Structures are given as C-alpha cells and as structure tokens.
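Novice: Before I ask anything, here is the structure I am working with.
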There are 2 protein chains.
Amino acid sequence: MTDSGLRSGELADAAGVNVQTLRYYERRGLLVSPRRSPGGHRLYPSDTVTLLRVIKTAQRLGFTLNEVADLLAAGRHRHRRTDNGLQARATEKLAEVERKMADLTVIRDTLRAAISAGCDDLVACAGSACCPLPFTELAEGNDHADQC
Amino acid sequence: MTDSGLRSGELADAAGVNVQTLRYYERRGLLVSPRRSPGGHRLYPSDTVTLLRVIKTAQRLGFTLNEVADLLAAGRHRHRRTDNGLQARATEKLAEVERKMADLTVIRDTLRAAISAGCDDLVACAGSACCPLPFTELAEGNDHADQC
DNA sequence: TTGCATCCGGTACCCAGGTACAGGCTTACC
DNA sequence: GGTAAGCCTGTACCTGGGTACCGGATGCAA
C-alpha cells in the first residue's frame with residue numbers, strides 16, 4: 001500500500017530533523033497529531049516533509065516557533081478570508097531584521113575601531129579617554145565614537 | 001569613612017542591573033567575590049560600576065558571558081605578556097558579526113521579495129513554483145531566488 | 001533599642017528550542 | 001517465530017542570561 005504514510009524516523013530523516021523534534025513540534029502545535037498504526041505508531045502524510053521545510057524556512061527568516069504556529073494555524077483556518085496576516089507579519093519581521101542589521105552595523109564598526117586602535121585590555125581601555133569602546137553610549141546605540 | 005565600599009543594592013542601582021544579577025555574575029566568575037562587612041554583606045570597590053559597564057558593553061558587542069569572563073580573567077592574569085587575546089578575539093567576533101550580517105541580508109531580501117510578491121499563505125506558497133520563499137535553499141544560505 | 005529596609009544563601013523558575021534517557025511495546029525482516 | 005530496530009510515553013536535562021521567592025540575619029537611623 002502506498003498510503004501507509006511515513007513513520008517518524010523516516011519523516012525525521014527526510015526533513016533533516018530529530019525524531020524528538022517531531023514530537024516537540026506536535027506539542028507546540030506546529031504539527032497536528034497524525035493518524036496512528038494499530039500499534040500506536042505515528043503515520044505522517046508524505047507532504048509533512050514540505051511542512052517541515054516550511055517551518056524551518058520561517059524559522060530561518062526570523063520567526064519564532066510560536067509565530068510559525070500562528071501563521072500555520074491562520075493558513076489552516078482561513079476559509080474565505082483573504083488575508084491571514086502573512087503580509088503584515090512579514091512586514092513587521094522585515095522591520096525587525098532591519099533594526100537588527102543596524103545594531104550589528106554599529107557593533108561591527110566598534111569592533112573595527114577597537115581592532116585598529118589596538119585595544120588590548122577591556123578594563124584598561126575603560127579607564128583611558130581615547131578608547132573607541134563606547135562603554136556608556138552603546139546601550140543607547142548611536143553614532144560610533146572613534147574620534148581618538 | 002570613604003573606603004566603606006558599595007553595598008550590592010547601591011552598585012546595582014549605579015550600574016543599572018538587578019541585585020540578583022550581581023550574585024549571578026559572581027557565580028559566573030565575572031565579578032570576583034568582594035570583601036564583606038562583619039555581618040557578611042558584600043562591599044564592592046567603587047570601580048566595580050565601571051567593570052559592570054565594561055561587561056555590558058562587551059555583551060552588547062556580541063560576546064557571551066563566558067567570553068567576557070575569559071577576557072577579564074586574561075586582563076587580570078596578564079603580568080607582562082603583551083597580548084591577552086582581546087585583539088584576536090575581537091577579530092574573530094568581527095568575522096562572526098559580518099557572517100551574521102550577511103545572513104540577515106539574505107533574510108531581508110527574501111522577506112522583501114515575499115512581500116512584494118504578495119505571498120499570503122506559507123503552505124500554499126511552498127507548493128507553488130513561483131514563490132520567492134526559498135524552502136529548500138535557505139538552509140544553505142546563498143543567492144536569493146526572486147526570479148519569478 | 002526598635003523598626004524597617006536591605007542583604008544573605010539556596011533554590012526554583014523563566015524564555016526559546018530543542019535533546020536525551022528509561023522502560024516497555026510494535027514492526028519488519030529472515 | 002525469533003530478533004533487532006524502531007517507536008511509544010514521560011520526564012529530565014541542556015544552553016544563555018537572567019529573575020523570583022523564601023526564611024532568616026544585618027545595617028542604619030530615629
């Protein structure tokens with residue numbers, strides 16, 4: 001029979017995840033409970049591989065598992081509503097990613113300044129006026145201070 | 001007496017951290033055990049405020065607490081060795097930050113593509129050939145696939 | 001000297017995203 | 001039909017960076 005479905009180990013291998021992760025995702029509501037064999041073993045429909053790829057992609061795009069679960073549930077329950085929120089959420093996430101990149105830019109510039117200034121000891125630098133490490137400013141995150 | 005030192009609450013307030021965090025940092029080896037009052041209360045030297053700022057800065061630059069602890073210990077034990085590794089570690093960290101930024105760039109472009117393509121449902125998109133969401137490629141992280 | 005704020009140590013809990021292990025049952029293959 | 005691999009549930013543990021609560025002791029000021 002070809003409709004016997006995938007066993008958890010097969011699915012895990014096919015999707016490149018751990019078997020335990022499948023059960024974890026089931027608990028978290030990312031995967032619906034699949035049908036079982038007479039003996040109680042899970043039998044997954046074969047498109048679950050795709051679903052797992054979707055989950056991993058969304059995670060990689062910066063969505064948390066809760067957010068992914070929401071998005072998937074919205075997709076499942078969307079009967080005739082046109083908008084399940086993916087557009088809006090992707091837009092928010094984009095803003096988040098852009099914020100993160102801006103932060104990292106500051107950090108990168110600071111590290112570069114520290115390297116080219118030859119900073120050698122964190123504590124010593126904190127005491128010297130001409131150190132590019134922004135010991136007070138960074139928390140606010142603004143212009144870099146390498147005017148030394 | 002001016003050498004009485006800071007009590008943990010004072011230090012915590014001055015540095016903008018939680019009192020519990022001070023004890024946590026002590027456990028983690030970021031702060032050395034300070035001297036105590038006769039009754040056992042911690043009395044911190046006043047420059048510990050600076051040290052905490054250093055720690056927070058280093059964290060913000062992407063160092064983990066373990067790494068910060070290492071850097072501080074290296075600074076403390078450096079008697080006449082010139083290099084305590086800050087330069088090398090900062091260089092590594094810079095590479096790490098640059099990798100992270102490259103990742104985020106891919107993610108940002110992908111999100112932008114998904115938004116402008118009007119993607120609406122993760123699972124539906126995964127089935128359509130003309131979806132910009134890279135359900136298989138992203139894990140490897142390479143060129144974006146918005147040629148649709 | 002009394003009262004209240006603060007601090008002590010120890011332990012438990014939180015978030016996210018899993019991973020591991022134990023003891024027992026099922027399935028598949030020869 | 002035997003045996004080994006795989007799967008089941010439940011629970012505990014991991015990393016990282018803290019936070020919260022407890023009962024009891026201390027510090028400081030009026």
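Letters for chains follow the order of the structure tokens (A, B, ...), residue numbers begin at 1 for each chain, and ligand numbers begin at 1 in the order shown.
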Please return the superposed copy of chain B as a compact mmCIF listing (two decimals) with N, CA and C atoms, in the first residue's frame; the fit should be least squares onto chain A across all sequentially paired Cα atoms.
Specialist:
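Result file out-v3.txt:
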# COMPACT_ATOMS: atom_id res chain seq x y z
N MET B 1 0.31 -1.08 -0.21
CA MET B 1 -0.50 0.14 -0.09
C MET B 1 0.38 1.38 -0.07
N THR B 2 -0.05 2.39 -0.83
CA THR B 2 0.79 3.59 -0.91
C THR B 2 0.36 4.66 0.09
N ASP B 3 -0.79 4.46 0.71
CA ASP B 3 -1.27 5.50 1.62
C ASP B 3 -0.90 5.20 3.08
N SER B 4 0.08 4.35 3.25
CA SER B 4 0.38 3.94 4.61
C SER B 4 1.04 5.05 5.42
N GLY B 5 1.60 6.03 4.72
CA GLY B 5 2.20 7.15 5.45
C GLY B 5 3.61 6.88 5.90
N LEU B 6 4.21 7.95 6.37
CA LEU B 6 5.60 7.88 6.83
C LEU B 6 5.65 7.61 8.31
N ARG B 7 6.54 6.77 8.71
CA ARG B 7 6.78 6.58 10.14
C ARG B 7 7.68 7.70 10.61
N SER B 8 7.70 7.91 11.91
CA SER B 8 8.38 9.10 12.39
C SER B 8 9.86 9.11 12.00
N GLY B 9 10.50 7.97 12.04
CA GLY B 9 11.91 7.92 11.67
C GLY B 9 12.13 8.27 10.21
N GLU B 10 11.22 7.80 9.37
CA GLU B 10 11.33 8.10 7.94
C GLU B 10 11.15 9.60 7.69
N LEU B 11 10.13 10.15 8.34
CA LEU B 11 9.89 11.58 8.17
C LEU B 11 11.07 12.39 8.67
N ALA B 12 11.57 12.00 9.82
CA ALA B 12 12.70 12.72 10.40
C ALA B 12 13.89 12.69 9.47
N ASP B 13 14.18 11.53 8.92
CA ASP B 13 15.29 11.41 7.98
C ASP B 13 15.04 12.27 6.75
N ALA B 14 13.83 12.16 6.21
CA ALA B 14 13.53 12.88 4.98
C ALA B 14 13.63 14.38 5.17
N ALA B 15 13.28 14.84 6.37
CA ALA B 15 13.25 16.29 6.59
C ALA B 15 14.54 16.78 7.24
N GLY B 16 15.38 15.84 7.63
CA GLY B 16 16.64 16.25 8.24
C GLY B 16 16.49 16.78 9.65
N VAL B 17 15.52 16.27 10.39
CA VAL B 17 15.39 16.67 11.78
C VAL B 17 15.42 15.42 12.66
N ASN B 18 15.51 15.64 13.93
CA ASN B 18 15.52 14.58 14.92
C ASN B 18 14.11 14.04 15.14
N VAL B 19 13.99 12.78 15.45
CA VAL B 19 12.67 12.22 15.73
C VAL B 19 12.02 12.93 16.92
N GLN B 20 12.80 13.23 17.90
CA GLN B 20 12.26 13.89 19.09
C GLN B 20 11.68 15.25 18.73
N THR B 21 12.31 15.86 17.75
CA THR B 21 11.87 17.18 17.32
C THR B 21 10.46 17.12 16.76
N LEU B 22 10.12 16.01 16.10
CA LEU B 22 8.77 15.87 15.57
C LEU B 22 7.75 15.89 16.71
N ARG B 23 8.07 15.14 17.75
CA ARG B 23 7.13 15.11 18.88
C ARG B 23 7.07 16.47 19.56
N TYR B 24 8.24 17.11 19.61
CA TYR B 24 8.31 18.46 20.18
C TYR B 24 7.44 19.43 19.38
N TYR B 25 7.52 19.37 18.06
CA TYR B 25 6.71 20.24 17.23
C TYR B 25 5.23 19.93 17.39
N GLU B 26 4.92 18.68 17.60
CA GLU B 26 3.52 18.31 17.81
C GLU B 26 3.02 18.96 19.11
N ARG B 27 3.82 18.84 20.15
CA ARG B 27 3.47 19.48 21.43
C ARG B 27 3.29 20.98 21.26
N ARG B 28 4.17 21.58 20.43
CA ARG B 28 4.13 23.02 20.25
C ARG B 28 3.03 23.46 19.28
N GLY B 29 2.35 22.52 18.69
CA GLY B 29 1.25 22.87 17.80
C GLY B 29 1.67 23.18 16.37
N LEU B 30 2.90 22.84 16.01
CA LEU B 30 3.35 23.08 14.65
C LEU B 30 2.93 21.96 13.73
N LEU B 31 2.87 20.78 14.27
CA LEU B 31 2.37 19.63 13.52
C LEU B 31 1.11 19.16 14.21
N VAL B 32 0.07 18.87 13.42
CA VAL B 32 -1.12 18.30 14.03
C VAL B 32 -0.84 16.82 14.29
N SER B 33 -1.52 16.27 15.27
CA SER B 33 -1.33 14.86 15.58
C SER B 33 -1.70 14.04 14.36
N PRO B 34 -0.81 13.23 13.87
CA PRO B 34 -1.11 12.44 12.69
C PRO B 34 -1.93 11.21 13.09
N ARG B 35 -2.44 10.51 12.09
CA ARG B 35 -3.15 9.29 12.44
C ARG B 35 -2.15 8.24 12.90
N ARG B 36 -2.67 7.21 13.53
CA ARG B 36 -1.80 6.22 14.13
C ARG B 36 -2.03 4.86 13.51
N SER B 37 -1.03 4.04 13.59
CA SER B 37 -1.18 2.63 13.23
C SER B 37 -2.00 1.96 14.34
N PRO B 38 -2.51 0.75 14.08
CA PRO B 38 -3.27 0.06 15.13
C PRO B 38 -2.49 -0.03 16.44
N GLY B 39 -1.19 -0.12 16.34
CA GLY B 39 -0.37 -0.21 17.55
C GLY B 39 0.01 1.11 18.16
N GLY B 40 -0.42 2.21 17.53
CA GLY B 40 -0.17 3.50 18.14
C GLY B 40 1.00 4.27 17.54
N HIS B 41 1.61 3.74 16.51
CA HIS B 41 2.72 4.46 15.89
C HIS B 41 2.20 5.55 14.96
N ARG B 42 2.88 6.69 14.97
CA ARG B 42 2.45 7.80 14.12
C ARG B 42 2.67 7.48 12.65
N LEU B 43 1.68 7.86 11.82
CA LEU B 43 1.81 7.70 10.37
C LEU B 43 1.52 9.05 9.75
N TYR B 44 2.56 9.68 9.24
CA TYR B 44 2.45 11.04 8.71
C TYR B 44 2.12 11.02 7.23
N PRO B 45 1.25 11.91 6.79
CA PRO B 45 1.06 12.10 5.35
C PRO B 45 2.38 12.58 4.75
N SER B 46 2.61 12.23 3.50
CA SER B 46 3.95 12.46 2.96
C SER B 46 4.25 13.93 2.75
N ASP B 47 3.22 14.78 2.66
CA ASP B 47 3.52 16.20 2.45
C ASP B 47 4.01 16.87 3.73
N THR B 48 4.09 16.10 4.80
CA THR B 48 4.63 16.67 6.02
C THR B 48 6.10 17.06 5.86
N VAL B 49 6.76 16.38 4.93
CA VAL B 49 8.15 16.77 4.64
C VAL B 49 8.19 18.22 4.19
N THR B 50 7.30 18.57 3.30
CA THR B 50 7.22 19.96 2.84
C THR B 50 6.92 20.89 4.00
N LEU B 51 5.98 20.48 4.83
CA LEU B 51 5.62 21.32 5.96
C LEU B 51 6.82 21.58 6.85
N LEU B 52 7.61 20.56 7.08
CA LEU B 52 8.79 20.74 7.92
C LEU B 52 9.78 21.68 7.25
N ARG B 53 9.87 21.60 5.93
CA ARG B 53 10.77 22.53 5.24
C ARG B 53 10.28 23.95 5.40
N VAL B 54 8.95 24.08 5.34
CA VAL B 54 8.36 25.40 5.53
C VAL B 54 8.72 25.93 6.91
N ILE B 55 8.57 25.09 7.89
CA ILE B 55 8.87 25.51 9.27
C ILE B 55 10.32 25.94 9.38
N LYS B 56 11.21 25.14 8.85
CA LYS B 56 12.64 25.45 8.95
C LYS B 56 12.97 26.75 8.22
N THR B 57 12.30 26.95 7.08
CA THR B 57 12.53 28.19 6.34
C THR B 57 12.07 29.39 7.14
N ALA B 58 10.88 29.27 7.70
CA ALA B 58 10.33 30.39 8.46
C ALA B 58 11.23 30.71 9.66
N GLN B 59 11.72 29.68 10.29
CA GLN B 59 12.64 29.86 11.42
C GLN B 59 13.87 30.61 10.97
N ARG B 60 14.37 30.17 9.85
CA ARG B 60 15.57 30.78 9.29
C ARG B 60 15.32 32.24 8.93
N LEU B 61 14.07 32.57 8.60
CA LEU B 61 13.73 33.96 8.29
C LEU B 61 13.54 34.77 9.57
N GLY B 62 13.71 34.15 10.70
CA GLY B 62 13.68 34.92 11.93
C GLY B 62 12.40 34.77 12.72
N PHE B 63 11.48 33.92 12.26
CA PHE B 63 10.26 33.71 13.02
C PHE B 63 10.53 32.70 14.14
N THR B 64 9.95 32.94 15.30
CA THR B 64 10.05 31.97 16.38
C THR B 64 9.07 30.84 16.11
N LEU B 65 9.20 29.75 16.84
CA LEU B 65 8.27 28.64 16.65
C LEU B 65 6.85 29.05 16.96
N ASN B 66 6.66 29.90 17.94
CA ASN B 66 5.32 30.39 18.24
C ASN B 66 4.75 31.15 17.05
N GLU B 67 5.55 31.97 16.47
CA GLU B 67 5.09 32.74 15.32
C GLU B 67 4.78 31.82 14.15
N VAL B 68 5.62 30.84 13.94
CA VAL B 68 5.38 29.89 12.86
C VAL B 68 4.08 29.14 13.11
N ALA B 69 3.88 28.74 14.35
CA ALA B 69 2.65 28.02 14.69
C ALA B 69 1.44 28.89 14.37
N ASP B 70 1.52 30.16 14.73
CA ASP B 70 0.44 31.11 14.43
C ASP B 70 0.18 31.18 12.94
N LEU B 71 1.27 31.35 12.19
CA LEU B 71 1.12 31.49 10.74
C LEU B 71 0.49 30.26 10.13
N LEU B 72 0.92 29.10 10.59
CA LEU B 72 0.37 27.86 10.05
C LEU B 72 -1.09 27.72 10.42
N ALA B 73 -1.41 28.04 11.67
CA ALA B 73 -2.80 27.94 12.12
C ALA B 73 -3.67 28.91 11.32
N ALA B 74 -3.16 30.11 11.09
CA ALA B 74 -3.90 31.10 10.31
C ALA B 74 -4.16 30.54 8.91
N GLY B 75 -3.14 29.91 8.33
CA GLY B 75 -3.30 29.32 7.00
C GLY B 75 -4.34 28.22 7.01
N ARG B 76 -4.37 27.46 8.10
CA ARG B 76 -5.32 26.34 8.16
C ARG B 76 -6.75 26.82 8.35
N HIS B 77 -6.92 27.87 9.18
CA HIS B 77 -8.28 28.29 9.51
C HIS B 77 -8.86 29.29 8.52
N ARG B 78 -8.03 29.73 7.61
CA ARG B 78 -8.49 30.73 6.66
C ARG B 78 -9.45 30.07 5.68
N HIS B 79 -10.73 30.35 5.82
CA HIS B 79 -11.69 29.70 4.93
C HIS B 79 -11.94 30.56 3.71
N ARG B 80 -12.33 31.78 3.93
CA ARG B 80 -12.45 32.65 2.78
C ARG B 80 -11.90 34.04 3.07
N ARG B 81 -11.37 34.20 4.28
CA ARG B 81 -10.72 35.49 4.53
C ARG B 81 -9.46 35.55 3.66
N THR B 82 -9.22 36.70 3.09
CA THR B 82 -8.13 36.80 2.13
C THR B 82 -6.79 36.95 2.82
N ASP B 83 -6.81 37.61 3.97
CA ASP B 83 -5.54 37.94 4.60
C ASP B 83 -5.36 37.14 5.88
N ASN B 84 -4.34 36.31 5.89
CA ASN B 84 -4.08 35.56 7.11
C ASN B 84 -2.94 36.18 7.92
N GLY B 85 -2.50 37.35 7.48
CA GLY B 85 -1.52 38.06 8.29
C GLY B 85 -0.08 37.82 7.89
N LEU B 86 0.14 36.96 6.94
CA LEU B 86 1.54 36.71 6.56
C LEU B 86 2.21 37.97 6.05
N GLN B 87 1.46 38.73 5.24
CA GLN B 87 2.03 39.97 4.73
C GLN B 87 2.41 40.91 5.87
N ALA B 88 1.46 41.10 6.78
CA ALA B 88 1.71 42.03 7.88
C ALA B 88 2.87 41.55 8.73
N ARG B 89 2.86 40.25 9.01
CA ARG B 89 3.92 39.73 9.87
C ARG B 89 5.27 39.78 9.19
N ALA B 90 5.27 39.53 7.91
CA ALA B 90 6.54 39.60 7.18
C ALA B 90 7.06 41.03 7.19
N THR B 91 6.14 41.98 7.11
CA THR B 91 6.56 43.38 7.13
C THR B 91 7.17 43.74 8.48
N GLU B 92 6.49 43.29 9.55
CA GLU B 92 7.04 43.51 10.89
C GLU B 92 8.42 42.87 11.03
N LYS B 93 8.48 41.63 10.55
CA LYS B 93 9.72 40.88 10.69
C LYS B 93 10.83 41.57 9.91
N LEU B 94 10.46 42.13 8.77
CA LEU B 94 11.45 42.85 7.97
C LEU B 94 12.00 44.04 8.76
N ALA B 95 11.11 44.75 9.42
CA ALA B 95 11.55 45.90 10.21
C ALA B 95 12.49 45.43 11.32
N GLU B 96 12.14 44.29 11.90
CA GLU B 96 12.95 43.72 12.98
C GLU B 96 14.35 43.38 12.46
N VAL B 97 14.36 42.74 11.31
CA VAL B 97 15.64 42.35 10.72
C VAL B 97 16.47 43.59 10.41
N GLU B 98 15.80 44.62 9.93
CA GLU B 98 16.54 45.84 9.59
C GLU B 98 17.09 46.51 10.85
N ARG B 99 16.32 46.46 11.93
CA ARG B 99 16.84 47.00 13.19
C ARG B 99 18.07 46.22 13.62
N LYS B 100 17.96 44.90 13.51
CA LYS B 100 19.07 44.05 13.93
C LYS B 100 20.32 44.36 13.10
N MET B 101 20.11 44.58 11.82
CA MET B 101 21.25 44.89 10.97
C MET B 101 21.88 46.22 11.34
N ALA B 102 21.04 47.18 11.68
CA ALA B 102 21.57 48.49 12.07
C ALA B 102 22.42 48.34 13.34
N ASP B 103 21.90 47.56 14.29
CA ASP B 103 22.66 47.28 15.52
C ASP B 103 24.00 46.67 15.18
N LEU B 104 23.95 45.66 14.34
CA LEU B 104 25.18 44.95 14.01
C LEU B 104 26.17 45.86 13.29
N THR B 105 25.64 46.81 12.55
CA THR B 105 26.53 47.75 11.87
C THR B 105 27.31 48.57 12.89
N VAL B 106 26.60 49.04 13.91
CA VAL B 106 27.28 49.80 14.98
C VAL B 106 28.34 48.93 15.64
N ILE B 107 27.94 47.69 15.93
CA ILE B 107 28.86 46.77 16.60
C ILE B 107 30.08 46.51 15.72
N ARG B 108 29.83 46.28 14.46
CA ARG B 108 30.94 46.01 13.55
C ARG B 108 31.91 47.19 13.51
N ASP B 109 31.35 48.39 13.40
CA ASP B 109 32.21 49.57 13.33
C ASP B 109 33.01 49.73 14.62
N THR B 110 32.33 49.41 15.74
CA THR B 110 33.01 49.55 17.02
C THR B 110 34.15 48.55 17.12
N LEU B 111 33.88 47.32 16.73
CA LEU B 111 34.95 46.31 16.78
C LEU B 111 36.11 46.72 15.88
N ARG B 112 35.78 47.23 14.71
CA ARG B 112 36.85 47.66 13.80
C ARG B 112 37.67 48.76 14.43
N ALA B 113 36.99 49.69 15.06
CA ALA B 113 37.71 50.80 15.69
C ALA B 113 38.60 50.28 16.81
N ALA B 114 38.07 49.35 17.59
CA ALA B 114 38.85 48.81 18.70
C ALA B 114 40.07 48.07 18.18
N ILE B 115 39.90 47.39 17.06
CA ILE B 115 41.03 46.65 16.50
C ILE B 115 42.08 47.60 15.96
N SER B 116 41.62 48.61 15.23
CA SER B 116 42.63 49.46 14.62
C SER B 116 43.24 50.40 15.65
N ALA B 117 42.54 50.64 16.76
CA ALA B 117 43.15 51.45 17.82
C ALA B 117 44.08 50.61 18.67
N GLY B 118 44.10 49.31 18.46
CA GLY B 118 45.01 48.44 19.22
C GLY B 118 44.58 48.21 20.66
N CYS B 119 43.28 48.31 20.94
CA CYS B 119 42.80 48.07 22.31
C CYS B 119 43.23 46.68 22.76
N ASP B 120 43.63 46.61 24.01
CA ASP B 120 44.28 45.40 24.47
C ASP B 120 43.67 44.83 25.75
N ASP B 121 43.10 45.69 26.54
CA ASP B 121 42.58 45.26 27.84
C ASP B 121 41.31 46.02 28.11
N LEU B 122 40.23 45.29 28.27
CA LEU B 122 38.93 45.93 28.42
C LEU B 122 38.91 46.93 29.56
N VAL B 123 39.43 46.51 30.71
CA VAL B 123 39.32 47.37 31.89
C VAL B 123 40.20 48.59 31.75
N ALA B 124 41.41 48.39 31.22
CA ALA B 124 42.30 49.53 31.01
C ALA B 124 41.67 50.52 30.04
N CYS B 125 41.08 49.99 28.96
CA CYS B 125 40.44 50.86 27.98
C CYS B 125 39.31 51.67 28.59
N ALA B 126 38.56 51.02 29.47
CA ALA B 126 37.43 51.71 30.07
C ALA B 126 37.90 52.95 30.83
N GLY B 127 39.16 52.91 31.31
CA GLY B 127 39.68 54.05 32.06
C GLY B 127 40.27 55.12 31.18
N SER B 128 40.65 54.76 29.97
CA SER B 128 41.33 55.75 29.14
C SER B 128 40.33 56.52 28.31
N ALA B 129 40.59 57.81 28.17
CA ALA B 129 39.64 58.68 27.49
C ALA B 129 39.62 58.45 25.99
N CYS B 130 40.70 57.90 25.46
CA CYS B 130 40.82 57.83 24.00
C CYS B 130 40.52 56.43 23.47
N CYS B 131 39.70 55.71 24.18
CA CYS B 131 39.37 54.35 23.77
C CYS B 131 38.10 54.39 22.93
N PRO B 132 38.10 53.68 21.83
CA PRO B 132 36.91 53.70 20.98
C PRO B 132 35.76 52.87 21.52
N LEU B 133 35.98 52.10 22.54
CA LEU B 133 34.89 51.27 23.06
C LEU B 133 33.90 52.14 23.82
N PRO B 134 32.68 52.13 23.39
CA PRO B 134 31.66 53.04 23.93
C PRO B 134 31.01 52.47 25.18
N PHE B 135 31.69 52.62 26.30
CA PHE B 135 31.21 51.91 27.49
C PHE B 135 29.89 52.42 28.01
N THR B 136 29.56 53.62 27.70
CA THR B 136 28.26 54.10 28.17
C THR B 136 27.26 54.24 27.03
N GLU B 137 27.75 54.62 25.87
CA GLU B 137 26.81 54.97 24.79
C GLU B 137 26.13 53.77 24.16
N LEU B 138 26.82 52.64 24.08
CA LEU B 138 26.31 51.55 23.25
C LEU B 138 24.92 51.09 23.64
N ALA B 139 24.67 51.09 24.93
CA ALA B 139 23.37 50.62 25.39
C ALA B 139 22.24 51.36 24.68
N GLU B 140 22.47 52.62 24.35
CA GLU B 140 21.45 53.39 23.65
C GLU B 140 21.55 53.15 22.14
N GLY B 141 22.73 52.80 21.70
CA GLY B 141 22.91 52.47 20.28
C GLY B 141 22.77 53.67 19.37
N ASN B 142 23.87 54.37 19.15
CA ASN B 142 23.79 55.51 18.24
C ASN B 142 25.09 55.65 17.46
N ASP B 143 25.55 56.87 17.29
CA ASP B 143 26.74 57.07 16.47
C ASP B 143 28.00 56.53 17.16
N HIS B 144 28.88 56.03 16.35
CA HIS B 144 30.08 55.41 16.89
C HIS B 144 31.09 56.49 17.29
N ALA B 145 31.92 56.14 18.26
CA ALA B 145 32.78 57.14 18.90
C ALA B 145 34.25 56.82 18.64
N ASP B 146 34.65 56.97 17.41
CA ASP B 146 36.05 56.66 17.13
C ASP B 146 36.85 57.92 16.79
N GLN B 147 36.47 59.02 17.38
CA GLN B 147 37.20 60.25 17.13
C GLN B 147 38.34 60.38 18.13
N CYS B 148 39.30 59.47 18.00
CA CYS B 148 40.37 59.49 18.99
C CYS B 148 41.72 59.66 18.31
Novice: Looking only at the backbone, which of the residues in region 20-57 of chain A does DSSP tag as strand (DSSP E or B), as a list in words?
Specialist: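 Those in region 20-57 of chain A that DSSP calls strand (DSSP E or B) are Arg35, Arg36, Arg42, Leu43 and Tyr44 of chain A.
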Novice: Next, dump the selected residues to file, keeping only N, CA and C atoms, as a PDB file, in the first residue's frame.
Specialist:
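This is the output file out22.pdb:
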ATOM      1  N   ARG A  35      -2.337  10.369  12.070  1.00  0.00           N
ATOM      2  CA  ARG A  35      -3.017   9.109  12.410  1.00  0.00           C
ATOM      3  C   ARG A  35      -1.984   8.101  12.886  1.00  0.00           C
ATOM      4  N   ARG A  36      -2.483   7.052  13.504  1.00  0.00           N
ATOM      5  CA  ARG A  36      -1.593   6.068  14.097  1.00  0.00           C
ATOM      6  C   ARG A  36      -1.796   4.709  13.470  1.00  0.00           C
ATOM      7  N   ARG A  42       3.058   6.626  14.957  1.00  0.00           N
ATOM      8  CA  ARG A  42       2.607   7.737  14.107  1.00  0.00           C
ATOM      9  C   ARG A  42       2.842   7.440  12.640  1.00  0.00           C
ATOM     10  N   LEU A  43       1.843   7.794  11.816  1.00  0.00           N
ATOM     11  CA  LEU A  43       1.976   7.661  10.367  1.00  0.00           C
ATOM     12  C   LEU A  43       1.661   9.005   9.735  1.00  0.00           C
ATOM     13  N   TYR A  44       2.711   9.644   9.240  1.00  0.00           N
ATOM     14  CA  TYR A  44       2.561  11.006   8.726  1.00  0.00           C
ATOM     15  C   TYR A  44       2.249  10.995   7.238  1.00  0.00           C
TER      16      TYR A  44
END
Novice: Using only C-alpha atoms (C1' of nucleotides), find each residue of chain D with at least one atom at most 12 Å away from an atom of chain B; report its shortest atom-to-atom pair and that distance in Å (one decimal), sort the rows by chain and rising residue number, and return the result as JSON lines.
Specialist:
{"residue": "D:DT15", "atom": "C1'", "partner": "B:Thr64", "partner_atom": "CA", "distance": 11.4}
{"residue": "D:DG16", "atom": "C1'", "partner": "B:Thr64", "partner_atom": "CA", "distance": 8.1}
{"residue": "D:DG17", "atom": "C1'", "partner": "B:Leu65", "partner_atom": "CA", "distance": 8.4}
{"residue": "D:DG18", "atom": "C1'", "partner": "B:Thr21", "partner_atom": "CA", "distance": 6.8}
{"residue": "D:DT19", "atom": "C1'", "partner": "B:Gln20", "partner_atom": "CA", "distance": 7.4}
{"residue": "D:DA20", "atom": "C1'", "partner": "B:Gln20", "partner_atom": "CA", "distance": 9.4}
{"residue": "D:DC21", "atom": "C1'", "partner": "B:Gln20", "partner_atom": "CA", "distance": 11.9}
{"residue": "D:DA25", "atom": "C1'", "partner": "B:Gly39", "partner_atom": "CA", "distance": 8.2}
{"residue": "D:DT26", "atom": "C1'", "partner": "B:Gly39", "partner_atom": "CA", "distance": 6.0}
{"residue": "D:DG27", "atom": "C1'", "partner": "B:Gly39", "partner_atom": "CA", "distance": 8.8}
Novice: Can you measure C1' of DT2 (chain C) to C1' of DC28 (chain D) for me? One decimal in Å is fine.
Specialist: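 Spanning C1' of DT2 (chain C) to C1' of DC28 (chain D) is a straight-line distance of 11.6 Å.
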Novice: Return the neighbours of chain B among the residues of chain C, cut-off 12 Å, counting only C-alpha atoms (C1' of nucleotides), as a list in words.
Specialist: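 Contact residues on the first chain: DA5, DT6, DC7, DC8 and DG9 of chain C.
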Novice: Once you have the residues from the selection above, write them out as a short mmCIF file (atom, residue, chain, number, x, y, z; two decimals), in the first residue's frame, restricted to N, CA and C atoms (P, O5', C5', C4', C3', O3' and C1' of nucleotides).
Specialist:
data_model
loop_
_atom_site.label_atom_id
_atom_site.label_comp_id
_atom_site.auth_asym_id
_atom_site.auth_seq_id
_atom_site.Cartn_x
_atom_site.Cartn_y
_atom_site.Cartn_z
P DA C 5 10.21 49.43 54.96
"O5'" DA C 5 11.50 49.65 54.05
"C5'" DA C 5 12.35 50.76 54.30
"C4'" DA C 5 13.79 50.37 54.03
"C3'" DA C 5 13.99 49.60 52.73
"O3'" DA C 5 15.10 50.17 52.05
"C1'" DA C 5 14.91 48.38 54.54
P DT C 6 15.45 49.78 50.56
"O5'" DT C 6 16.60 48.69 50.77
"C5'" DT C 6 17.74 49.04 51.52
"C4'" DT C 6 18.50 47.80 51.95
"C3'" DT C 6 18.84 46.83 50.80
"O3'" DT C 6 20.24 46.90 50.61
"C1'" DT C 6 18.24 45.73 52.80
P DC C 7 20.96 46.17 49.40
"O5'" DC C 7 21.43 44.80 50.07
"C5'" DC C 7 22.34 44.82 51.16
"C4'" DC C 7 22.47 43.42 51.72
"C3'" DC C 7 22.73 42.36 50.65
"O3'" DC C 7 24.01 41.78 50.88
"C1'" DC C 7 21.05 41.68 52.22
P DC C 8 24.55 40.64 49.94
"O5'" DC C 8 24.15 39.35 50.77
"C5'" DC C 8 24.71 39.13 52.06
"C4'" DC C 8 24.24 37.81 52.62
"C3'" DC C 8 24.24 36.69 51.60
"O3'" DC C 8 25.49 36.02 51.66
"C1'" DC C 8 22.20 36.70 52.85
P DG C 9 25.94 35.20 50.41
"O5'" DG C 9 25.18 33.81 50.60
"C5'" DG C 9 25.37 33.07 51.79
"C4'" DG C 9 24.40 31.90 51.80
"C3'" DG C 9 24.52 31.01 50.56
"O3'" DG C 9 24.64 29.66 50.98
"C1'" DG C 9 22.26 31.78 50.82
#
Novice: Enumerate, as an MDAnalysis selection string, the complete set of residues in region 14-145 of chain B that a backbone-based DSSP assignment places in alpha helix (DSSP H).
Specialist: chainID B and resid 14:15 19:28 48:60 65:77 86:116 122:127
